[in-house]
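Below is one structure, written out as C-alpha cells; the observations come after it.
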Amino acid sequence: MASNTAVRTVYRLSGVAPTPDAMLDALDHELLDRLGAEPHFPETLGVPAVYITCGMEHTEAPWCEPMSRTTGIMVTESVRRTAAVLLLAVDGTVYAIGCDQGYRLIPDHLKDKRFGLSFAIRQMDPNMIRGAVSKSLGQSRTDISLVPGGAPVPLLGIRDHSRIVRSLGGYLDDLPLTRSRYMRGKAVSAQGGCGLRIALGIEPAALLSDVRTIARICREDIPHQELEFVDHIVPVSDPLTLDALGQALDERLGRPPDGRISVSVPSEHHTAYAEATTYITQINSTGALRSDDFDLGYVLTRARLASPGRRLKVLREGTVTLARDRRAGAVDALAVTSALTWLEAPVSLGSRRFFLMDGEWYEVGAAYVEECRAGVAALFSRSPSLSLPAWGDGESENTYNNRVADDRPGWVCLDTKNVVNPLRPRDQVEICDLLVPDGTLVLVKRAAGSGPLSHLFSQARVAVELLQESAQVRAEFTAKVARLSGGKILLPDDFTPKRIVLAVLLKNRENLTPESVFGFSQITIAQTAKALAVRGVTVEVIGIPEDNADTPRLSSCHVGAGAAVLG
C-alpha cells in the first residue's frame with residue numbers, strides 16, 4: 001500500500017518573490033551548472049513552483065585508490081548521489097522542500113533561521129522532547145542532547161538566559177496534518193530548527209494543506225509556556241547598534257589576532273562537521289586553502305588583508321566547504337558555509353556586552369531579567385497542591401511543623417531529625433521539615449529578609465543532591481522515616497525525591513507572590529529550581545498565612561502557589 005506522507009525538511013525562504021523566475025534566480029546557478037542540475041516547472045500543484053533535480057556521480061569512490069595501495073588489490077566502485085529541491089509559493093511566501101542532498105541546493109542566506117524552531121515551540125509536547133541543540137554565549141560550544149523516548153524540557157538543562165536553543169525534536173500535539181489523519185492514536189514526531197523536518201502529504205492538495213497549517217501555527221499560535229523561553233533570546237536588530245558592532249569588529253579584524261576571536265561550529269552543520277575530513281576555505285581570493293580542520297589563522301589573515309570597512313563583508317561572502325575527502329569534488333561536499341558563521345567574537349559597547357554567533361549579534365544578559373521573572377512566576381499557581389495552616393505569631397518553626405504533621409494523617413515531621421553529612425561525619429544535614437505520604441519533601445521557612453530564604457533554597461539543593469548521590473544518606477533517611485512514622489511510612493531503600501515544596505511565610509507581607517519575593521531571593525530561587533529540574537525534581541512554592549491579631553486568617557489557596565515544572 002502506497003504511503004500518503006513522506007518525511008521531508010521544509011524551509012521558509014526570505015526575500016524571494018513568489019514567482020517561478022524569482023525562485024530560480026535565487027539559487028546558485030554556478031553550483032547548479034557544476035552539478036548538471038535540471039529545472040522543471042510543475043503545474044499539478046496549482047501554485048508557482050520550481051523543481052530542481054540532479055545526480056552527482058564519481059566513477060571511482062575516494063577510498064578505492066588509497067585502499068588499493070594498502071591492500072595491493074585493485075577495486076573500482078562508483079558513487080552516485082541524488083539531490084532534488086522543490087520551491088513553491090504558498091499564499092505569497094516561498095518554501096523549499098529538499099530530498100536527499102537537495103538541502104545543499106538551497107543557499108543558506110535565504111533560509112529563515114527560526115522557522116522550524118518557531119513551529120516546534122508552539123506545537124511540540126514539552127514533556128516529550130527527544131532532542132535539543134543549543135549554544136552558550138561566549139563558550140564556543142555546541143551542546144546536543146538526545147533522549148529517544150522523550151523527556152520533559154527541564155531535564156535537558158537547556159533553559160538559561162545565556163543559552164541559545166537552535167533546534168528541538170520531539171512528539172507533536174494533535175494537529176490537522178496529513179500524517180495525523182492516517183496515524184490516529186500514534187505519536188507524530190518532528191525536528192525544528194532552521195528547517196522543519198516532518199512528515200508531509202505527498203499528493204499536491206495534501207502537501208499544500210500541510211504547508212498552510214504549519215504557516216498558520218507559526219503565525220497565530222502562542223508558544224507553550226514551558227517552551228516560550230526559547231523566544232526570550234533573539235538577535236540584535238537595532239540598525240545603529242548593528243553598525244557600531246560591525247565597525248568595532250572590523251577594526252579588531254584589522255589587528256593581529258589576540259585570542260579573543262574563537263571557532264564555533266555553525267548550528268545547522270554540526271552533522272556535516274562530524275563527517276568532514278577536509279575543509280576548503282576561499283575568502284577574497286580565486287584560490288582556496290584545503291586543510292584537515294577549520295583553519296582560524298588563515299581566515300583571520302584573509303580578513304586582515306582586506307581593506308578597512310570590508311573585512312566583515314569578505315568573511316560573510318567567503319566560503320568554507322566541508323567535504324568527505326581531500327580530493328573532494330561536487331559529490332563529496334557535505335555543506336558550503338559562510339566563513340563568518342564559524343567565528344565567535346565578543347564586542348563591548350560601553351557597559352553593554354555582545355557576542356557574534358552564527359553570523360548574528362546577541363547581547364549578553366538581555367534576557368536575564370525576563371528569564372528570572374519567568375522562572376519564578378512558573379513556580380506560582382492559583383491551585384496549590386498542598387494547603388498549610390496559618391502560622392501563629394510567636395510559634396516556633398519546630399512547634400509549627402509538629403502541629404502540621406499531627407493534624408495530617410501520614411505526614412511525618414522531620415524538623416531537626418537530621419542525617420549525617422557524608423562529607424564531614426561530625427556535621428549533620430536536615431533533609432526536610434515535613435514528608436508527605438507520596439514522598440514529597442516540604443521545606444518550611446518564616447522569613448523577614450533574603451537571608452533565611454537563601455538558606456532554604458540551599459537546603460533544597462543539598463537535600464536532593466545527597467539523596468541522589470549518597471547511599472549512606474538514603475539508608476539513614478529511609479530508616480529514620482520508618483522509625484518516626486512507627487512503621488507506617490516505608491520508603492524504598494533507593495528513595496530519591498521527585499518533588500519539593502517550598503513553604504514560605506514572608507513576615508509583614510499579606511500575600512506571597514512572585515513580586516513579593518525579595519529581589520535577591522528571586523534570583524536564587526530561579527537558580528535553585530533550574531538546578532533541581534535538571535536532576536528531575538520539580539519545584540513548587542506555596543505561601544503560609546500569618547496568624548496574628550492584625551492579619552486575618554487566609555487559606556493558602558489565596559496566598560500560595562502550586563506545582564510547576566521549571567523549564
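Letters A, B, ... mark the chains of the C-alpha cells in the order given; residue numbers begin at 1 per chain; ligand numbers begin at 1, in order shown.
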For stretch 443-524 of chain A versus stretch 386-407 of chain A, which residues have an atom no more than 12 Å away, and what is each residue's nearest atom pair and distance in Å rounded to one decimal, using only C-alpha atoms, chain-then-number order, as CSV?
residue,atom,partner,partner_atom,distance
A:Leu443,CA,A:Asn401,CA,9.7
A:Val444,CA,A:Glu397,CA,7.8
A:Lys445,CA,A:Glu397,CA,7.5
A:Arg446,CA,A:Glu397,CA,7.7
A:Ala447,CA,A:Glu397,CA,11.1
A:Leu484,CA,A:Ala405,CA,11.5
A:Ser485,CA,A:Ala405,CA,10.5
A:Ile500,CA,A:Leu386,CA,11.2
A:Val501,CA,A:Leu386,CA,8.4
A:Leu502,CA,A:Leu386,CA,10.5
A:Ala503,CA,A:Leu388,CA,8.2
A:Val504,CA,A:Leu388,CA,10.1
A:Leu505,CA,A:Trp391,CA,8.0
A:Leu506,CA,A:Trp391,CA,10.8
A:Lys507,CA,A:Asp393,CA,9.8
A:Asn508,CA,A:Asp393,CA,11.1
Practice task
Identify, on the basis of only C-alpha atoms, every residue whose closest approach to A:Ala529 does not exceed 9 Å; exclude the query and any residue fewer than 3 positions from it along the same chain; express the result as a VMD selection string.
Solution key: chain A and resid 375 to 376 379 457 461 524 to 526 532 to 534 537 to 540 565 to 567
Practice task
Taking the chain letters and numbering used in this document, name the residues of stretch 205-431 of chain A that DSSP puts in strand (DSSP E), as a PyMOL selection string.
Solution key: chain A and resi 262-263+278-282+289-291+319-323+333-338+343-349+352-357+360-363+391-392+412-413+419-420+428-429
So that I have them on file, write out the residues from the current selection with C-alpha atoms, as a compact mmCIF listing (two decimals), in the first residue's frame.
# COMPACT_ATOMS: atom_id res chain seq x y z
CA SER A 262 37.36 31.77 18.54
CA VAL A 263 35.88 28.99 16.41
CA THR A 278 38.60 18.18 4.54
CA TYR A 279 37.88 21.92 4.70
CA ILE A 280 38.12 24.10 1.59
CA THR A 281 38.33 27.77 2.55
CA GLN A 282 38.02 30.53 -0.04
CA LEU A 289 43.04 26.50 1.12
CA ARG A 290 42.49 22.78 1.69
CA SER A 291 43.05 21.70 5.28
CA THR A 319 33.01 30.17 1.96
CA VAL A 320 34.11 27.13 3.93
CA THR A 321 33.19 23.87 2.22
CA LEU A 322 33.08 20.72 4.35
CA ALA A 323 33.94 17.59 2.37
CA ALA A 333 30.81 18.20 -0.49
CA LEU A 334 28.78 17.96 2.71
CA ALA A 335 27.99 21.65 3.18
CA VAL A 336 29.01 25.08 1.96
CA THR A 337 29.02 27.67 4.74
CA SER A 338 29.77 31.35 5.16
CA LEU A 343 33.55 32.88 14.25
CA GLU A 344 32.51 33.76 17.77
CA ALA A 345 33.70 37.17 18.94
CA PRO A 346 32.99 39.40 21.95
CA VAL A 347 32.49 43.14 21.49
CA SER A 348 31.58 45.70 24.15
CA LEU A 349 29.80 49.00 23.58
CA ARG A 352 26.90 46.51 27.14
CA ARG A 353 28.46 43.19 26.09
CA PHE A 354 27.71 41.40 22.82
CA PHE A 355 28.76 38.19 21.10
CA LEU A 356 28.85 37.32 17.43
CA MET A 357 27.47 33.81 16.93
CA GLU A 360 24.40 37.27 14.21
CA TRP A 361 24.88 39.51 17.26
CA TYR A 362 23.45 38.72 20.69
CA GLU A 363 23.55 40.91 23.77
CA TRP A 391 1.48 30.13 61.41
CA GLY A 392 0.85 31.68 64.79
CA VAL A 412 5.96 12.94 59.15
CA CYS A 413 7.74 15.82 60.90
CA VAL A 419 21.21 12.79 58.90
CA VAL A 420 25.00 12.58 58.99
CA GLN A 428 24.57 16.90 60.28
CA VAL A 429 22.16 17.88 57.50
Handout entry: In stretch 10-149 of chain A, DSSP helix (DSSP H, G or I) residues written as a ChimeraX atom specification
Key = /A:20-25,29-35,64-71,101-105,108-110,115-123
Restricting it to C-alpha atoms, dump the selection as a tab-separated table (two decimals), in the first residue's frame.
chain	number	residue	atom	x	y	z
A	20	PRO	CA	9.00	30.90	-10.78
A	21	ASP	CA	11.57	33.28	-12.30
A	22	ALA	CA	12.43	34.83	-8.92
A	23	MET	CA	12.69	31.44	-7.26
A	24	LEU	CA	15.02	30.16	-9.97
A	25	ASP	CA	17.14	33.33	-9.89
A	29	HIS	CA	23.45	28.92	-10.85
A	30	GLU	CA	27.17	28.16	-10.81
A	31	LEU	CA	26.55	25.27	-8.41
A	32	LEU	CA	23.59	24.03	-10.44
A	33	ASP	CA	25.66	24.09	-13.65
A	34	ARG	CA	28.52	22.25	-11.95
A	35	LEU	CA	26.13	19.54	-10.79
A	64	CYS	CA	39.43	2.99	-3.89
A	65	GLU	CA	42.90	4.33	-4.72
A	66	PRO	CA	44.32	4.57	-1.16
A	67	MET	CA	42.90	1.16	-0.22
A	68	SER	CA	44.47	-0.39	-3.32
A	69	ARG	CA	47.83	0.89	-2.11
A	70	THR	CA	47.15	-0.55	1.34
A	71	THR	CA	45.92	-3.98	0.22
A	101	GLN	CA	21.08	16.04	-0.89
A	102	GLY	CA	18.62	18.72	-2.03
A	103	TYR	CA	19.22	20.87	1.05
A	104	ARG	CA	22.62	21.71	-0.44
A	105	LEU	CA	20.94	23.45	-3.35
A	108	ASP	CA	21.91	29.38	3.49
A	109	HIS	CA	21.36	33.14	3.43
A	110	LEU	CA	17.81	32.66	2.10
A	115	PHE	CA	11.17	28.84	11.02
A	116	GLY	CA	11.36	25.24	12.22
A	117	LEU	CA	12.07	26.26	15.81
A	118	SER	CA	9.11	28.63	15.77
A	119	PHE	CA	6.83	25.73	14.87
A	120	ALA	CA	8.43	23.42	17.45
A	121	ILE	CA	7.91	25.67	20.47
A	122	ARG	CA	4.24	26.08	19.52
A	123	GLN	CA	3.35	22.51	18.66
Practice task
May I have the residues within 9 Å of stretch 205-221 of chain A as number ranges by chain, using only C-alpha atoms and disregarding those fewer than 2 positions away in the same chain?
Solution key: A: 4-5, 10, 45-46, 90-91, 95, 115-116, 118-120, 122-123, 175-178, 200-203, 223
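Between A:Met128 and the candidates A:Ala187, A:Leu88, A:Val79, A:Ile523, the tightest atom-to-atom separation, counting only C-alpha atoms, involves A:Ala187.
Across A:Gly365, A:Pro266, A:Gly519, A:Gly92, the tightest approach to A:Lys135 is made by A:Pro266 when counting only C-alpha atoms.
All residues of protein, DNA or RNA that reach within 10 Å of stretch 488-493 of chain A, judged by only C-alpha atoms and not counting those fewer than 2 positions away in the chain, are Gly410, Trp411, Val412, Leu435, Val436, Pro437, Asp438, Gly439, Ala471, Arg474, Ala475, Glu476, Phe477, Thr478, Ala479, Lys480, Val481, Ala482, Arg483, Leu484, Ser485, Gly486, Phe495 and Thr496 of chain A.
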Residues just named, written with C-alpha atoms as a PDB file, in the first residue's frame:
ATOM      1  CA  GLY A 410       0.548  10.073  57.056  1.00  0.00           C
ATOM      2  CA  TRP A 411       2.653  13.224  57.326  1.00  0.00           C
ATOM      3  CA  VAL A 412       5.963  12.944  59.147  1.00  0.00           C
ATOM      4  CA  LEU A 435       7.412  14.455  54.476  1.00  0.00           C
ATOM      5  CA  VAL A 436       4.142  13.909  52.613  1.00  0.00           C
ATOM      6  CA  PRO A 437       2.855  10.330  52.090  1.00  0.00           C
ATOM      7  CA  ASP A 438       3.616  10.470  48.346  1.00  0.00           C
ATOM      8  CA  GLY A 439       7.304  11.173  49.062  1.00  0.00           C
ATOM      9  CA  ALA A 471      23.748   5.578  49.558  1.00  0.00           C
ATOM     10  CA  ARG A 474      19.451   7.333  51.606  1.00  0.00           C
ATOM     11  CA  ALA A 475      19.758   4.448  54.043  1.00  0.00           C
ATOM     12  CA  GLU A 476      19.778   6.708  57.113  1.00  0.00           C
ATOM     13  CA  PHE A 477      16.899   8.856  55.843  1.00  0.00           C
ATOM     14  CA  THR A 478      14.574   5.981  54.915  1.00  0.00           C
ATOM     15  CA  ALA A 479      15.304   4.260  58.254  1.00  0.00           C
ATOM     16  CA  LYS A 480      14.576   7.476  60.146  1.00  0.00           C
ATOM     17  CA  VAL A 481      11.247   7.938  58.315  1.00  0.00           C
ATOM     18  CA  ALA A 482      10.215   4.363  59.108  1.00  0.00           C
ATOM     19  CA  ARG A 483      11.094   4.777  62.791  1.00  0.00           C
ATOM     20  CA  LEU A 484       9.448   8.188  63.256  1.00  0.00           C
ATOM     21  CA  SER A 485       6.268   7.077  61.494  1.00  0.00           C
ATOM     22  CA  GLY A 486       6.021   3.946  63.625  1.00  0.00           C
ATOM     23  CA  PHE A 495      14.347   6.532  47.514  1.00  0.00           C
ATOM     24  CA  THR A 496      15.058   9.817  45.755  1.00  0.00           C
TER      25      THR A 496
END
Practice task
Give me, please, the distance in Å between atom CA of A:Val442 and atom CA of A:Ile544, quoted to one decimal.
Solution key: 12.2 Å
Practice task
Would you mind listing what lies within 10 Å of stretch 246-253 of chain A as an MDAnalysis selection string, with only C-alpha atoms counted and same-chain residues fewer than 2 positions away left out?
Solution key: chainID A and resid 240:244 255:258 260:261 300:313 345:349 356 361
Handout entry: Close residues, A:Leu340 itself excluded, 6 Å, only C-alpha atoms, min 5 positions apart in chain, as a list in words
Key = Leu315, Arg316 and Gly359 of chain A
Practice task
Please measure the separation of atom CA of A:Ser140 and atom CA of A:Asp112, giving the value in Å to one decimal.
Solution key: 22.7 Å
